[in-house]
>>> print(open('coords.tsv').read())   # TSV, C-alpha atoms
chain	number	residue	atom	x	y	z
Y	1	MET	CA	0.00	0.00	0.00
Y	2	ASP	CA	1.30	3.44	-0.93
Y	3	GLU	CA	2.05	6.00	1.76
Y	4	PRO	CA	-0.59	8.72	2.16
Y	5	ARG	CA	0.18	11.98	0.41
Y	6	TRP	CA	-0.34	14.24	3.41
Y	7	LEU	CA	-1.19	17.89	2.86
Y	8	ASP	CA	1.61	20.37	3.41
Y	9	ASP	CA	0.95	23.50	5.48
Y	10	ALA	CA	-0.20	25.63	2.53
Y	11	GLU	CA	-2.48	22.86	1.19
Y	12	PHE	CA	-3.93	22.22	4.64
Y	13	ARG	CA	-4.56	25.95	5.16
Y	14	ALA	CA	-6.30	26.17	1.77
Y	15	TRP	CA	-8.43	23.06	2.35
Y	16	ILE	CA	-9.52	23.91	5.91
Y	17	GLY	CA	-10.07	27.54	4.96
Y	18	TYR	CA	-12.23	26.55	2.01
Y	19	ARG	CA	-14.31	24.14	4.13
Y	20	ARG	CA	-14.87	26.68	6.91
Y	21	MET	CA	-15.55	29.52	4.46
Y	22	ARG	CA	-18.09	27.42	2.55
Y	23	LEU	CA	-19.98	26.49	5.71
Y	24	LEU	CA	-20.07	30.02	7.13
Y	25	LEU	CA	-20.79	31.69	3.79
Y	26	ASP	CA	-23.61	29.29	2.90
Y	27	ALA	CA	-25.13	29.75	6.36
Y	28	GLN	CA	-24.96	33.56	6.21
Y	29	VAL	CA	-26.33	33.88	2.68
Y	30	SER	CA	-29.10	31.37	3.51
Y	31	ARG	CA	-30.05	33.35	6.66
Y	32	ASP	CA	-30.16	36.57	4.65
Y	33	LEU	CA	-32.28	34.93	1.95
Y	34	LEU	CA	-34.80	33.58	4.45
Y	35	HIS	CA	-34.95	36.89	6.33
Y	36	ASP	CA	-35.27	39.04	3.22
Y	37	SER	CA	-37.62	36.89	1.13
Y	38	GLY	CA	-39.02	34.03	3.20
Y	39	LEU	CA	-37.39	31.58	0.77
Y	40	SER	CA	-35.04	28.84	1.90
Y	41	ALA	CA	-31.86	28.14	-0.06
Y	42	PRO	CA	-33.44	24.98	-1.57
Y	43	ASP	CA	-36.54	27.02	-2.55
Y	44	TYR	CA	-34.26	29.49	-4.30
Y	45	ASP	CA	-32.33	26.68	-6.02
Y	46	VAL	CA	-35.55	25.15	-7.38
Y	47	LEU	CA	-36.94	28.50	-8.53
Y	48	THR	CA	-33.63	29.46	-10.14
Y	49	ALA	CA	-33.50	26.17	-12.03
Y	50	LEU	CA	-37.06	26.65	-13.27
Y	51	THR	CA	-36.42	30.21	-14.44
Y	52	SER	CA	-33.37	29.00	-16.37
Y	53	THR	CA	-35.58	27.14	-18.85
Y	54	THR	CA	-37.68	28.81	-21.54
Y	55	ASP	CA	-40.87	27.01	-20.51
Y	56	HIS	CA	-40.21	27.28	-16.74
Y	57	ARG	CA	-40.45	23.55	-16.16
Y	58	TRP	CA	-38.05	20.79	-15.21
Y	59	ARG	CA	-38.37	17.03	-14.97
Y	60	LEU	CA	-38.42	16.05	-11.27
Y	61	THR	CA	-35.74	13.39	-11.65
Y	62	LYS	CA	-33.42	15.74	-13.56
Y	63	LEU	CA	-33.96	18.52	-11.00
Y	64	ALA	CA	-33.11	16.08	-8.19
Y	65	GLU	CA	-29.88	15.17	-10.02
Y	66	ARG	CA	-29.00	18.84	-10.46
Y	67	MET	CA	-29.55	19.54	-6.76
Y	68	LEU	CA	-27.77	16.32	-5.69
Y	69	TRP	CA	-30.90	15.28	-3.80
Y	70	SER	CA	-32.82	12.01	-3.86
Y	71	LYS	CA	-36.02	12.06	-5.88
Y	72	SER	CA	-38.09	11.42	-2.73
Y	73	ARG	CA	-36.44	14.26	-0.80
Y	74	LEU	CA	-37.04	16.69	-3.65
Y	75	SER	CA	-40.61	15.44	-4.09
Y	76	ARG	CA	-41.38	16.23	-0.44
Y	77	HIS	CA	-39.81	19.67	-0.81
Y	78	ILE	CA	-41.78	20.33	-3.99
Y	79	SER	CA	-44.98	19.39	-2.11
Y	80	ARG	CA	-44.23	22.10	0.46
Y	81	MET	CA	-43.51	24.60	-2.31
Y	82	GLU	CA	-46.80	23.64	-4.01
Y	83	GLN	CA	-48.68	24.43	-0.80
Y	84	ARG	CA	-47.16	27.91	-0.88
Y	85	GLY	CA	-48.14	28.41	-4.53
Y	86	LEU	CA	-44.56	28.61	-5.85
Y	87	VAL	CA	-44.66	25.57	-8.14
Y	88	THR	CA	-47.03	22.96	-9.42
Y	89	ARG	CA	-46.62	19.45	-10.80
Y	90	GLU	CA	-47.79	18.18	-14.16
Y	91	GLU	CA	-47.64	14.75	-15.73
Y	92	CYS	CA	-44.70	14.20	-18.03
Y	93	GLU	CA	-45.97	13.90	-21.60
Y	94	SER	CA	-43.18	11.51	-22.62
Y	95	ASP	CA	-43.41	9.28	-19.51
Y	96	ALA	CA	-46.66	8.79	-17.59
Y	97	ARG	CA	-44.67	7.71	-14.52
Y	98	GLY	CA	-42.68	10.96	-14.48
Y	99	ALA	CA	-43.59	14.39	-13.19
Y	100	MET	CA	-42.70	17.87	-14.34
Y	101	VAL	CA	-42.16	20.66	-11.82
Y	102	VAL	CA	-43.60	23.90	-13.20
Y	103	LEU	CA	-43.02	27.46	-12.00
Y	104	THR	CA	-46.23	29.32	-11.10
Y	105	GLU	CA	-46.84	33.05	-11.43
Y	106	GLY	CA	-46.45	33.23	-7.65
Y	107	GLY	CA	-43.12	31.45	-7.88
Y	108	LEU	CA	-41.94	33.80	-10.62
Y	109	ARG	CA	-42.92	36.83	-8.53
Y	110	ALA	CA	-41.15	35.32	-5.49
Y	111	ILE	CA	-37.84	34.72	-7.30
Y	112	GLU	CA	-37.95	38.12	-9.00
Y	113	ALA	CA	-38.54	39.80	-5.62
Y	114	ALA	CA	-35.85	37.75	-3.84
Y	115	ALA	CA	-33.07	38.02	-6.44
Y	116	PRO	CA	-31.93	41.64	-5.81
Y	117	ASP	CA	-31.49	41.15	-2.04
Y	118	HIS	CA	-29.89	37.74	-2.59
Y	119	VAL	CA	-27.34	39.16	-5.01
Y	120	GLU	CA	-26.60	41.97	-2.56
Y	121	SER	CA	-25.97	39.39	0.19
Y	122	VAL	CA	-23.61	37.44	-2.10
Y	123	ARG	CA	-21.80	40.68	-2.91
Y	124	ARG	CA	-21.60	41.86	0.72
Y	125	HIS	CA	-20.35	38.58	2.16
Y	126	PHE	CA	-18.20	37.34	-0.74
Y	127	ILE	CA	-17.73	39.11	-4.09
Y	128	ASP	CA	-17.00	42.62	-2.79
Y	129	LEU	CA	-14.35	41.25	-0.39
Y	130	LEU	CA	-12.23	39.96	-3.30
Y	131	THR	CA	-10.11	41.68	-5.91
Y	132	ARG	CA	-10.87	41.15	-9.61
Y	133	GLU	CA	-7.75	38.95	-9.80
Y	134	GLN	CA	-8.95	36.78	-6.89
Y	135	ILE	CA	-12.37	36.40	-8.52
Y	136	GLU	CA	-10.79	35.31	-11.80
Y	137	VAL	CA	-8.48	32.82	-10.05
Y	138	LEU	CA	-11.43	31.44	-8.07
Y	139	GLY	CA	-13.42	31.05	-11.28
Y	140	THR	CA	-10.56	29.11	-12.86
Y	141	VAL	CA	-10.16	26.92	-9.76
Y	142	ALA	CA	-13.91	26.20	-9.71
Y	143	GLU	CA	-13.95	25.29	-13.41
Y	144	THR	CA	-10.97	22.95	-12.95
Y	145	VAL	CA	-12.52	21.11	-10.01
Y	146	LEU	CA	-15.98	20.97	-11.60
Y	147	ALA	CA	-14.55	19.56	-14.83
Y	148	HIS	CA	-12.78	16.83	-12.84
Y	149	LEU	CA	-15.90	16.00	-10.81
Y	150	SER	CA	-18.03	15.88	-13.97
Y	151	GLU	CA	-15.84	13.18	-15.52
Y	152	PRO	CA	-17.12	9.62	-15.33
Y	153	PRO	CA	-15.48	7.74	-12.44
Y	154	THR	CA	-12.51	5.57	-13.35
Y	155	GLU	CA	-12.11	1.97	-12.22
Y	156	VAL	CA	-9.66	1.48	-9.37
Y	157	SER	CA	-7.81	-1.82	-9.60
>>> encode(input="coords.tsv", output="structure tokens")
Amino acid sequence: MDEPRWLDDAEFRAWIGYRRMRLLLDAQVSRDLLHDSGLSAPDYDVLTALTSTTDHRWRLTKLAERMLWSKSRLSRHISRMEQRGLVTREECESDARGAMVVLTEGGLRAIEAAAPDHVESVRRHFIDLLTREQIEVLGTVAETVLAHLSEPPTEVS
């Protein structure tokens, strides 16, 4: 068995800093979102996904994959959003067993009202703290890691 490739001090600092930053930043932006709009972060993620399509609808299974949630977890969340008038479900025309999540007028109004304050929170707690160079480096880092994580897994022998 190969020896572990331990992190050096700079790598450890970067890794622990990233993990702590992500937790605190997500928590703060989520608190601001809920306070300012009454939407949870998952509500916002669903509504954002739906507004990204021309017909404001998304297949439930595909939306679950995008959010990295199980289909049942997302289905329960969608039920709560339906009760609040943000989304509705329709049968999938191509698969009677499938469901489409559809943005309602109320959902569209909610995301349009929430977006300005949400962007301001992201700016206040993240973007405006960084230089243009740091933002560009972070974008490159994110693209590199996302490209790696999007690759099909390789067999380990």
>>> atom_distance(input="coords.tsv", atom1="atom CA of Arg20 of chain Y", atom2="atom CA of Asp117 of chain Y")
23.8 Å
>>> closest_residue(input="coords.tsv", among="Y:Leu146, Y:Ile135, Y:Leu23, Y:Ile111", to="Asp45 of chain Y", atoms="all atoms listed in the file")
Y:Ile111
>>> atom_distance(input="coords.tsv", atom1="atom CA of Gly85 of chain Y", atom2="atom CA of Leu63 of chain Y")
18.5 Å
>>> closest_residue(input="coords.tsv", among="Y:Glu82, Y:His125, Y:Glu90, Y:Glu133", to="Leu24 of chain Y", atoms="only C-alpha atoms")
Y:His125
>>> residues_around(input="coords.tsv", residues="Ser75 of chain Y", least_positions_apart="6", cutoff="12 Å", atoms="all atoms listed in the file", output="ChimeraX atom specification")
/Y:46,59-64,69,81-82,87-89,98-101
>>> write_last_selection(input="coords.tsv", atoms="C-alpha atoms", output="compact mmCIF listing (two decimals), in the frame of the given file")
# COMPACT_ATOMS: atom_id res chain seq x y z
CA VAL Y 46 -35.55 25.15 -7.38
CA ARG Y 59 -38.37 17.03 -14.97
CA LEU Y 60 -38.42 16.05 -11.27
CA THR Y 61 -35.74 13.39 -11.65
CA LYS Y 62 -33.42 15.74 -13.56
CA LEU Y 63 -33.96 18.52 -11.00
CA ALA Y 64 -33.11 16.08 -8.19
CA TRP Y 69 -30.90 15.28 -3.80
CA MET Y 81 -43.51 24.60 -2.31
CA GLU Y 82 -46.80 23.64 -4.01
CA VAL Y 87 -44.66 25.57 -8.14
CA THR Y 88 -47.03 22.96 -9.42
CA ARG Y 89 -46.62 19.45 -10.80
CA GLY Y 98 -42.68 10.96 -14.48
CA ALA Y 99 -43.59 14.39 -13.19
CA MET Y 100 -42.70 17.87 -14.34
CA VAL Y 101 -42.16 20.66 -11.82
>>> closest_residue(input="coords.tsv", among="Y:Leu108, Y:Ile16, Y:Leu33, Y:Met1", to="Val122 of chain Y", atoms="all atoms listed in the file")
Y:Leu33
>>> residues_around(input="coords.tsv", residues="Arg109 of chain Y", least_positions_apart="4", cutoff="12 Å", atoms="all atoms listed in the file", output="list in words")
Ser37, Leu47, Thr48, Thr51, Gly85, Leu86, Val87, Leu103, Thr104, Glu105, Ala113, Ala114 and Ala115 of chain Y
>>> decode(input="coords.tsv", residues="segment 96-112 of chain Y", atoms="all heavy atoms", output="compact mmCIF listing (two decimals), in the first residue's frame")
# COMPACT_ATOMS: atom_id res chain seq x y z
N ALA Y 96 -45.54 8.65 -18.50
CA ALA Y 96 -46.66 8.79 -17.59
C ALA Y 96 -46.26 8.59 -16.13
O ALA Y 96 -46.94 9.05 -15.22
CB ALA Y 96 -47.77 7.80 -17.96
N ARG Y 97 -45.12 7.91 -15.90
CA ARG Y 97 -44.67 7.71 -14.52
C ARG Y 97 -43.93 8.93 -13.99
O ARG Y 97 -43.74 9.07 -12.79
CB ARG Y 97 -43.74 6.50 -14.43
CG ARG Y 97 -44.41 5.20 -14.83
CD ARG Y 97 -43.39 4.10 -14.93
NE ARG Y 97 -42.42 4.45 -15.97
CZ ARG Y 97 -41.19 3.96 -16.07
NH1 ARG Y 97 -40.76 3.09 -15.21
NH2 ARG Y 97 -40.38 4.34 -17.04
N GLY Y 98 -43.49 9.81 -14.88
CA GLY Y 98 -42.68 10.96 -14.48
C GLY Y 98 -43.53 12.17 -14.18
O GLY Y 98 -44.71 12.25 -14.51
N ALA Y 99 -42.91 13.14 -13.53
CA ALA Y 99 -43.59 14.39 -13.19
C ALA Y 99 -42.71 15.57 -13.60
O ALA Y 99 -41.48 15.49 -13.57
CB ALA Y 99 -43.86 14.46 -11.69
N MET Y 100 -43.37 16.62 -14.01
CA MET Y 100 -42.70 17.87 -14.34
C MET Y 100 -43.00 18.87 -13.22
O MET Y 100 -44.13 18.96 -12.75
CB MET Y 100 -43.22 18.44 -15.65
CG MET Y 100 -43.01 17.55 -16.86
SD MET Y 100 -41.29 17.27 -17.27
CE MET Y 100 -40.82 18.87 -17.90
N VAL Y 101 -41.98 19.58 -12.78
CA VAL Y 101 -42.16 20.66 -11.82
C VAL Y 101 -42.27 21.94 -12.64
O VAL Y 101 -41.42 22.20 -13.51
CB VAL Y 101 -40.97 20.75 -10.84
CG1 VAL Y 101 -41.18 21.88 -9.85
CG2 VAL Y 101 -40.77 19.42 -10.13
N VAL Y 102 -43.30 22.72 -12.39
CA VAL Y 102 -43.60 23.90 -13.20
C VAL Y 102 -43.67 25.14 -12.30
O VAL Y 102 -44.33 25.12 -11.26
CB VAL Y 102 -44.93 23.72 -13.96
CG1 VAL Y 102 -45.21 24.92 -14.85
CG2 VAL Y 102 -44.92 22.43 -14.77
N LEU Y 103 -43.01 26.19 -12.71
CA LEU Y 103 -43.02 27.46 -12.00
C LEU Y 103 -44.41 28.11 -12.15
O LEU Y 103 -44.95 28.18 -13.25
CB LEU Y 103 -41.95 28.38 -12.59
CG LEU Y 103 -41.73 29.72 -11.92
CD1 LEU Y 103 -41.13 29.53 -10.53
CD2 LEU Y 103 -40.79 30.57 -12.79
N THR Y 104 -44.96 28.59 -11.05
CA THR Y 104 -46.23 29.32 -11.10
C THR Y 104 -45.95 30.82 -11.20
O THR Y 104 -44.81 31.26 -11.01
CB THR Y 104 -47.06 29.05 -9.83
OG1 THR Y 104 -46.32 29.57 -8.70
CG2 THR Y 104 -47.36 27.58 -9.64
N GLU Y 105 -46.99 31.58 -11.43
CA GLU Y 105 -46.84 33.05 -11.43
C GLU Y 105 -46.37 33.51 -10.06
O GLU Y 105 -45.52 34.41 -9.96
CB GLU Y 105 -48.17 33.73 -11.80
CG GLU Y 105 -48.51 33.64 -13.26
CD GLU Y 105 -47.50 34.37 -14.14
OE1 GLU Y 105 -47.02 35.47 -13.77
OE2 GLU Y 105 -47.16 33.83 -15.21
N GLY Y 106 -46.89 32.89 -9.00
CA GLY Y 106 -46.45 33.23 -7.65
C GLY Y 106 -44.98 32.92 -7.43
O GLY Y 106 -44.26 33.68 -6.78
N GLY Y 107 -44.52 31.81 -7.98
CA GLY Y 107 -43.12 31.45 -7.88
C GLY Y 107 -42.23 32.41 -8.64
O GLY Y 107 -41.15 32.79 -8.17
N LEU Y 108 -42.69 32.83 -9.82
CA LEU Y 108 -41.94 33.80 -10.62
C LEU Y 108 -41.84 35.13 -9.88
O LEU Y 108 -40.76 35.73 -9.80
CB LEU Y 108 -42.58 33.99 -11.99
CG LEU Y 108 -41.85 34.91 -12.96
CD1 LEU Y 108 -40.43 34.44 -13.22
CD2 LEU Y 108 -42.63 35.04 -14.26
N ARG Y 109 -42.95 35.58 -9.30
CA ARG Y 109 -42.92 36.83 -8.53
C ARG Y 109 -41.98 36.70 -7.33
O ARG Y 109 -41.23 37.63 -7.01
CB ARG Y 109 -44.32 37.21 -8.07
CG ARG Y 109 -45.20 37.80 -9.15
CD ARG Y 109 -46.48 38.42 -8.60
NE ARG Y 109 -47.27 37.49 -7.81
CZ ARG Y 109 -48.17 36.64 -8.30
NH1 ARG Y 109 -48.39 36.61 -9.62
NH2 ARG Y 109 -48.86 35.85 -7.52
N ALA Y 110 -41.99 35.54 -6.67
CA ALA Y 110 -41.15 35.32 -5.49
C ALA Y 110 -39.67 35.39 -5.84
O ALA Y 110 -38.88 36.03 -5.13
CB ALA Y 110 -41.49 33.99 -4.83
N ILE Y 111 -39.26 34.72 -6.93
CA ILE Y 111 -37.84 34.72 -7.30
C ILE Y 111 -37.42 36.09 -7.80
O ILE Y 111 -36.30 36.56 -7.50
CB ILE Y 111 -37.50 33.60 -8.32
CG1 ILE Y 111 -35.99 33.43 -8.48
CG2 ILE Y 111 -38.13 33.83 -9.66
CD1 ILE Y 111 -35.29 32.77 -7.36
N GLU Y 112 -38.29 36.77 -8.53
CA GLU Y 112 -37.95 38.12 -9.00
C GLU Y 112 -37.81 39.10 -7.83
O GLU Y 112 -36.95 39.98 -7.86
CB GLU Y 112 -39.00 38.61 -9.99
CG GLU Y 112 -38.91 37.92 -11.34
CD GLU Y 112 -40.04 38.29 -12.29
OE1 GLU Y 112 -41.08 38.83 -11.84
OE2 GLU Y 112 -39.89 38.01 -13.50
